$ cat run_34.cif   # mmCIF, C-alpha atoms
data_coords
loop_
_atom_site.label_atom_id
_atom_site.label_comp_id
_atom_site.auth_asym_id
_atom_site.auth_seq_id
_atom_site.Cartn_x
_atom_site.Cartn_y
_atom_site.Cartn_z
CA MET A 198 88.77 91.94 76.46
CA PHE A 199 92.09 90.38 75.66
CA SER A 200 95.34 89.62 77.39
CA ILE A 201 98.85 89.12 76.13
CA GLY A 202 101.06 86.38 77.47
CA THR A 203 104.26 84.58 76.67
CA LYS A 204 104.91 80.94 76.06
CA LEU A 205 108.20 79.15 76.63
CA ASP A 206 108.80 76.11 74.42
CA MET A 207 111.00 73.12 75.24
CA TYR A 208 113.97 74.77 73.49
CA GLY A 209 113.79 77.93 75.61
CA LYS A 210 112.26 80.10 72.88
CA VAL A 211 109.73 82.66 74.05
CA SER A 212 106.69 83.43 71.92
CA VAL A 213 103.97 85.99 72.55
CA GLU A 214 100.34 84.94 72.46
CA LEU A 215 97.15 86.98 72.40
CA ARG A 216 94.20 85.55 74.35
CA LEU A 217 90.63 86.72 73.89
CA GLY A 218 88.12 86.73 76.74
CA LYS A 219 88.19 87.80 80.37
CA PRO A 220 91.37 87.21 82.38
CA GLU A 221 91.15 84.46 84.99
CA LYS A 222 92.33 86.61 87.92
CA ASN A 223 92.91 90.22 88.81
CA MET A 224 96.33 89.43 90.27
CA PHE A 225 99.56 89.87 88.36
CA TYR A 226 102.80 87.96 88.80
CA TYR A 227 105.79 90.21 88.12
CA VAL A 228 109.09 88.98 86.76
CA TYR A 229 111.58 91.72 87.45
CA MET A 230 115.20 92.57 86.80
CA LEU A 231 117.08 94.71 89.29
CA LYS A 232 120.33 96.53 88.61
CA SER A 233 122.74 97.30 91.43
CA LEU A 234 123.59 100.97 91.90
CA LYS A 235 126.74 99.89 93.76
CA ASP A 236 128.06 97.70 90.93
CA SER A 237 126.47 98.37 87.53
CA LYS A 238 127.49 94.92 86.25
CA ARG A 239 125.33 93.17 88.88
CA TYR A 240 121.76 92.18 88.08
CA TYR A 241 119.16 90.16 89.94
CA ILE A 242 116.09 88.45 88.47
CA GLY A 243 113.10 87.49 90.58
CA MET A 244 109.33 87.06 90.68
CA THR A 245 106.68 88.47 93.03
CA THR A 246 103.06 89.58 93.25
CA LYS A 247 103.98 92.73 95.21
CA LEU A 248 106.76 94.44 93.30
CA HIS A 249 107.09 97.60 95.42
CA THR A 250 107.29 95.60 98.68
CA ARG A 251 109.81 93.15 97.21
CA VAL A 252 112.14 95.90 95.96
CA LYS A 253 112.02 97.52 99.41
CA LYS A 254 113.13 94.18 100.93
CA HIS A 255 116.04 93.95 98.50
CA ASN A 256 117.12 97.49 99.34
CA SER A 257 116.77 97.06 103.11
CA GLY A 258 119.18 94.11 103.14
CA ASP A 259 116.52 91.54 104.15
CA CYS A 260 117.45 89.35 101.18
CA THR A 261 120.76 87.58 101.74
CA TYR A 262 121.64 87.18 98.07
CA THR A 263 121.17 90.86 97.17
CA ALA A 264 122.27 92.56 100.42
CA THR A 265 125.92 92.93 99.36
CA TYR A 266 125.15 94.96 96.22
CA LYS A 267 122.34 97.21 97.49
CA PRO A 268 120.87 99.66 96.63
CA TRP A 269 118.96 98.24 93.66
CA GLN A 270 116.80 99.87 91.02
CA VAL A 271 114.19 98.22 88.82
CA GLU A 272 115.55 97.84 85.32
CA THR A 273 112.70 95.82 83.74
CA THR A 274 109.35 94.44 84.89
CA ILE A 275 107.03 92.11 83.01
CA ALA A 276 103.53 91.33 84.35
CA PHE A 277 101.85 87.96 83.83
CA ARG A 278 98.35 86.82 84.79
CA SER A 279 99.51 83.20 84.82
CA LYS A 280 101.78 82.12 87.65
CA ASP A 281 103.04 79.17 85.60
CA LYS A 282 104.10 81.45 82.75
CA ALA A 283 105.79 83.87 85.14
CA VAL A 284 107.74 81.02 86.78
CA ALA A 285 108.76 79.68 83.35
CA PHE A 286 109.89 83.12 82.15
CA GLU A 287 111.86 83.77 85.34
CA LYS A 288 113.56 80.39 84.94
CA TYR A 289 114.33 81.20 81.29
CA LEU A 290 115.86 84.59 82.18
CA LYS A 291 118.12 82.86 84.72
CA SER A 292 119.38 80.41 82.07
CA HIS A 293 122.37 81.07 79.81
CA ALA A 294 120.11 81.79 76.81
CA GLY A 295 117.86 83.98 78.94
CA ARG A 296 120.77 86.07 80.21
CA ALA A 297 121.86 86.65 76.60
CA PHE A 298 118.27 87.61 75.71
CA ALA A 299 118.05 90.04 78.64
CA LYS A 300 121.42 91.61 77.83
CA LYS A 301 120.36 92.19 74.23
CA HIS A 302 116.77 93.38 74.84
CA PHE A 303 116.70 94.91 78.32
#
$ encode --input "run_34.cif" --output "structure tokens"
Amino acid sequence: MFSIGTKLDMYGKVSVELRLGKPEKNMFYYVYMLKSLKDSKRYYIGMTTKLHTRVKKHNSGDCTYTATYKPWQVETTIAFRSKDKAVAFEKYLKSHAGRAFAKKHF
């Protein structure tokens, strides 16, 4: 078996790494990008282990930050086995360089 992950260096560059062997857990951590259907210029980036449930919360208005621009649709989702890597990638996407990366690639 193998798994693919990403690595964020101290300069904010993301590299992909291939790991051989069994994954540590069966749980995935999802970094997701939502796009507002109300205002197509509005995006939201977050992380969760239960993507479907989290998107429902965004669309029901339970999340203060996203309630104004609901409904939302999933634009991009990336699954990680490592929570630390998911947190680092989410933080990167929320940075200036990460927003430019997302705009270009997603």
$ closest_residue --input "run_34.cif" --among "A:Ala264, A:Phe277, A:Phe298, A:Glu287" --to "A:Ile242" --atoms "all atoms listed in the file"
A:Glu287
$ resolve_selection --input "run_34.cif" --expression "the PyMOL selection byres ((chain A and resi 268-273) around 8)" --output "list of chain:residue names"
A:Tyr229, A:Met230, A:Leu231, A:Lys232, A:Ser233, A:Leu234, A:Lys235, A:Val252, A:His255, A:Asn256, A:Tyr266, A:Lys267, A:Thr274, A:Ile275, A:Phe303
$ write_last_selection --input "run_34.cif" --atoms "C-alpha atoms" --output "compact mmCIF listing (two decimals), in the frame of the given file"
# COMPACT_ATOMS: atom_id res chain seq x y z
CA TYR A 229 111.58 91.72 87.45
CA MET A 230 115.20 92.57 86.80
CA LEU A 231 117.08 94.71 89.29
CA LYS A 232 120.33 96.53 88.61
CA SER A 233 122.74 97.30 91.43
CA LEU A 234 123.59 100.97 91.90
CA LYS A 235 126.74 99.89 93.76
CA VAL A 252 112.14 95.90 95.96
CA HIS A 255 116.04 93.95 98.50
CA ASN A 256 117.12 97.49 99.34
CA TYR A 266 125.15 94.96 96.22
CA LYS A 267 122.34 97.21 97.49
CA THR A 274 109.35 94.44 84.89
CA ILE A 275 107.03 92.11 83.01
CA PHE A 303 116.70 94.91 78.32
$ atom_distance --input "run_34.cif" --atom1 "atom CA of A:Lys288" --atom2 "atom CA of A:Lys247"
18.7 Å
$ atom_distance --input "run_34.cif" --atom1 "atom CA of A:Thr245" --atom2 "atom CA of A:Asp281"
12.4 Å
$ atom_distance --input "run_34.cif" --atom1 "atom CA of A:Thr246" --atom2 "atom CA of A:Ala283"
10.3 Å
$ build_atoms --input "run_34.cif" --residues "stretch 241-270 of chain A" --atoms "N, CA and C atoms" --output "PDB file, keeping the file's coordinate frame"
ATOM      1  N   TYR A 241     119.886  91.206  89.222  1.00  0.00           N
ATOM      2  CA  TYR A 241     119.160  90.160  89.940  1.00  0.00           C
ATOM      3  C   TYR A 241     117.803  89.999  89.267  1.00  0.00           C
ATOM      4  N   ILE A 242     117.387  88.755  89.076  1.00  0.00           N
ATOM      5  CA  ILE A 242     116.090  88.450  88.470  1.00  0.00           C
ATOM      6  C   ILE A 242     115.248  87.716  89.492  1.00  0.00           C
ATOM      7  N   GLY A 243     113.995  88.128  89.629  1.00  0.00           N
ATOM      8  CA  GLY A 243     113.100  87.490  90.580  1.00  0.00           C
ATOM      9  C   GLY A 243     111.655  87.588  90.133  1.00  0.00           C
ATOM     10  N   MET A 244     110.755  87.041  90.967  1.00  0.00           N
ATOM     11  CA  MET A 244     109.330  87.060  90.680  1.00  0.00           C
ATOM     12  C   MET A 244     108.572  87.345  91.968  1.00  0.00           C
ATOM     13  N   THR A 245     107.496  88.121  91.866  1.00  0.00           N
ATOM     14  CA  THR A 245     106.680  88.470  93.030  1.00  0.00           C
ATOM     15  C   THR A 245     105.298  88.905  92.577  1.00  0.00           C
ATOM     16  N   THR A 246     104.374  89.001  93.532  1.00  0.00           N
ATOM     17  CA  THR A 246     103.060  89.580  93.250  1.00  0.00           C
ATOM     18  C   THR A 246     102.991  91.014  93.788  1.00  0.00           C
ATOM     19  N   LYS A 247     103.942  91.387  94.618  1.00  0.00           N
ATOM     20  CA  LYS A 247     103.980  92.730  95.210  1.00  0.00           C
ATOM     21  C   LYS A 247     105.344  93.361  94.940  1.00  0.00           C
ATOM     22  N   LEU A 248     105.470  93.946  93.773  1.00  0.00           N
ATOM     23  CA  LEU A 248     106.760  94.440  93.300  1.00  0.00           C
ATOM     24  C   LEU A 248     107.357  95.505  94.229  1.00  0.00           C
ATOM     25  N   HIS A 249     106.576  96.499  94.593  1.00  0.00           N
ATOM     26  CA  HIS A 249     107.090  97.600  95.420  1.00  0.00           C
ATOM     27  C   HIS A 249     107.631  97.072  96.760  1.00  0.00           C
ATOM     28  N   THR A 250     106.882  96.193  97.397  1.00  0.00           N
ATOM     29  CA  THR A 250     107.290  95.600  98.680  1.00  0.00           C
ATOM     30  C   THR A 250     108.564  94.775  98.517  1.00  0.00           C
ATOM     31  N   ARG A 251     108.651  94.021  97.442  1.00  0.00           N
ATOM     32  CA  ARG A 251     109.810  93.150  97.210  1.00  0.00           C
ATOM     33  C   ARG A 251     111.077  93.979  96.981  1.00  0.00           C
ATOM     34  N   VAL A 252     110.983  95.045  96.222  1.00  0.00           N
ATOM     35  CA  VAL A 252     112.140  95.900  95.960  1.00  0.00           C
ATOM     36  C   VAL A 252     112.604  96.547  97.272  1.00  0.00           C
ATOM     37  N   LYS A 253     111.661  96.956  98.100  1.00  0.00           N
ATOM     38  CA  LYS A 253     112.020  97.520  99.410  1.00  0.00           C
ATOM     39  C   LYS A 253     112.817  96.499 100.234  1.00  0.00           C
ATOM     40  N   LYS A 254     112.408  95.222 100.190  1.00  0.00           N
ATOM     41  CA  LYS A 254     113.130  94.180 100.930  1.00  0.00           C
ATOM     42  C   LYS A 254     114.555  94.011 100.405  1.00  0.00           C
ATOM     43  N   HIS A 255     114.700  94.045  99.088  1.00  0.00           N
ATOM     44  CA  HIS A 255     116.040  93.950  98.500  1.00  0.00           C
ATOM     45  C   HIS A 255     116.912  95.113  98.970  1.00  0.00           C
ATOM     46  N   ASN A 256     116.347  96.300  98.986  1.00  0.00           N
ATOM     47  CA  ASN A 256     117.120  97.490  99.340  1.00  0.00           C
ATOM     48  C   ASN A 256     117.345  97.656 100.841  1.00  0.00           C
ATOM     49  N   SER A 257     116.572  96.966 101.658  1.00  0.00           N
ATOM     50  CA  SER A 257     116.770  97.060 103.110  1.00  0.00           C
ATOM     51  C   SER A 257     117.809  96.050 103.606  1.00  0.00           C
ATOM     52  N   GLY A 258     118.199  95.114 102.745  1.00  0.00           N
ATOM     53  CA  GLY A 258     119.180  94.110 103.140  1.00  0.00           C
ATOM     54  C   GLY A 258     118.549  92.847 103.700  1.00  0.00           C
ATOM     55  N   ASP A 259     117.216  92.728 103.642  1.00  0.00           N
ATOM     56  CA  ASP A 259     116.520  91.540 104.150  1.00  0.00           C
ATOM     57  C   ASP A 259     116.764  90.292 103.299  1.00  0.00           C
ATOM     58  N   CYS A 260     117.203  90.479 102.083  1.00  0.00           N
ATOM     59  CA  CYS A 260     117.450  89.350 101.180  1.00  0.00           C
ATOM     60  C   CYS A 260     118.959  89.083 101.143  1.00  0.00           C
ATOM     61  N   THR A 261     119.345  87.928 101.609  1.00  0.00           N
ATOM     62  CA  THR A 261     120.760  87.580 101.740  1.00  0.00           C
ATOM     63  C   THR A 261     121.524  87.719 100.429  1.00  0.00           C
ATOM     64  N   TYR A 262     120.941  87.215  99.355  1.00  0.00           N
ATOM     65  CA  TYR A 262     121.640  87.180  98.070  1.00  0.00           C
ATOM     66  C   TYR A 262     121.918  88.584  97.527  1.00  0.00           C
ATOM     67  N   THR A 263     121.025  89.527  97.762  1.00  0.00           N
ATOM     68  CA  THR A 263     121.170  90.860  97.170  1.00  0.00           C
ATOM     69  C   THR A 263     121.708  91.917  98.137  1.00  0.00           C
ATOM     70  N   ALA A 264     121.867  91.576  99.405  1.00  0.00           N
ATOM     71  CA  ALA A 264     122.270  92.560 100.420  1.00  0.00           C
ATOM     72  C   ALA A 264     123.626  93.206 100.122  1.00  0.00           C
ATOM     73  N   THR A 265     124.567  92.446  99.608  1.00  0.00           N
ATOM     74  CA  THR A 265     125.920  92.930  99.360  1.00  0.00           C
ATOM     75  C   THR A 265     125.965  94.059  98.328  1.00  0.00           C
ATOM     76  N   TYR A 266     125.084  94.010  97.339  1.00  0.00           N
ATOM     77  CA  TYR A 266     125.150  94.960  96.220  1.00  0.00           C
ATOM     78  C   TYR A 266     124.031  96.002  96.247  1.00  0.00           C
ATOM     79  N   LYS A 267     123.399  96.197  97.406  1.00  0.00           N
ATOM     80  CA  LYS A 267     122.340  97.210  97.490  1.00  0.00           C
ATOM     81  C   LYS A 267     122.958  98.602  97.446  1.00  0.00           C
ATOM     82  N   PRO A 268     122.276  99.596  97.013  1.00  0.00           N
ATOM     83  CA  PRO A 268     120.870  99.660  96.630  1.00  0.00           C
ATOM     84  C   PRO A 268     120.633  99.157  95.201  1.00  0.00           C
ATOM     85  N   TRP A 269     119.393  98.776  94.947  1.00  0.00           N
ATOM     86  CA  TRP A 269     118.960  98.240  93.660  1.00  0.00           C
ATOM     87  C   TRP A 269     117.917  99.163  93.050  1.00  0.00           C
ATOM     88  N   GLN A 270     117.879  99.163  91.722  1.00  0.00           N
ATOM     89  CA  GLN A 270     116.800  99.870  91.020  1.00  0.00           C
ATOM     90  C   GLN A 270     116.166  98.895  90.033  1.00  0.00           C
TER      91      GLN A 270
END
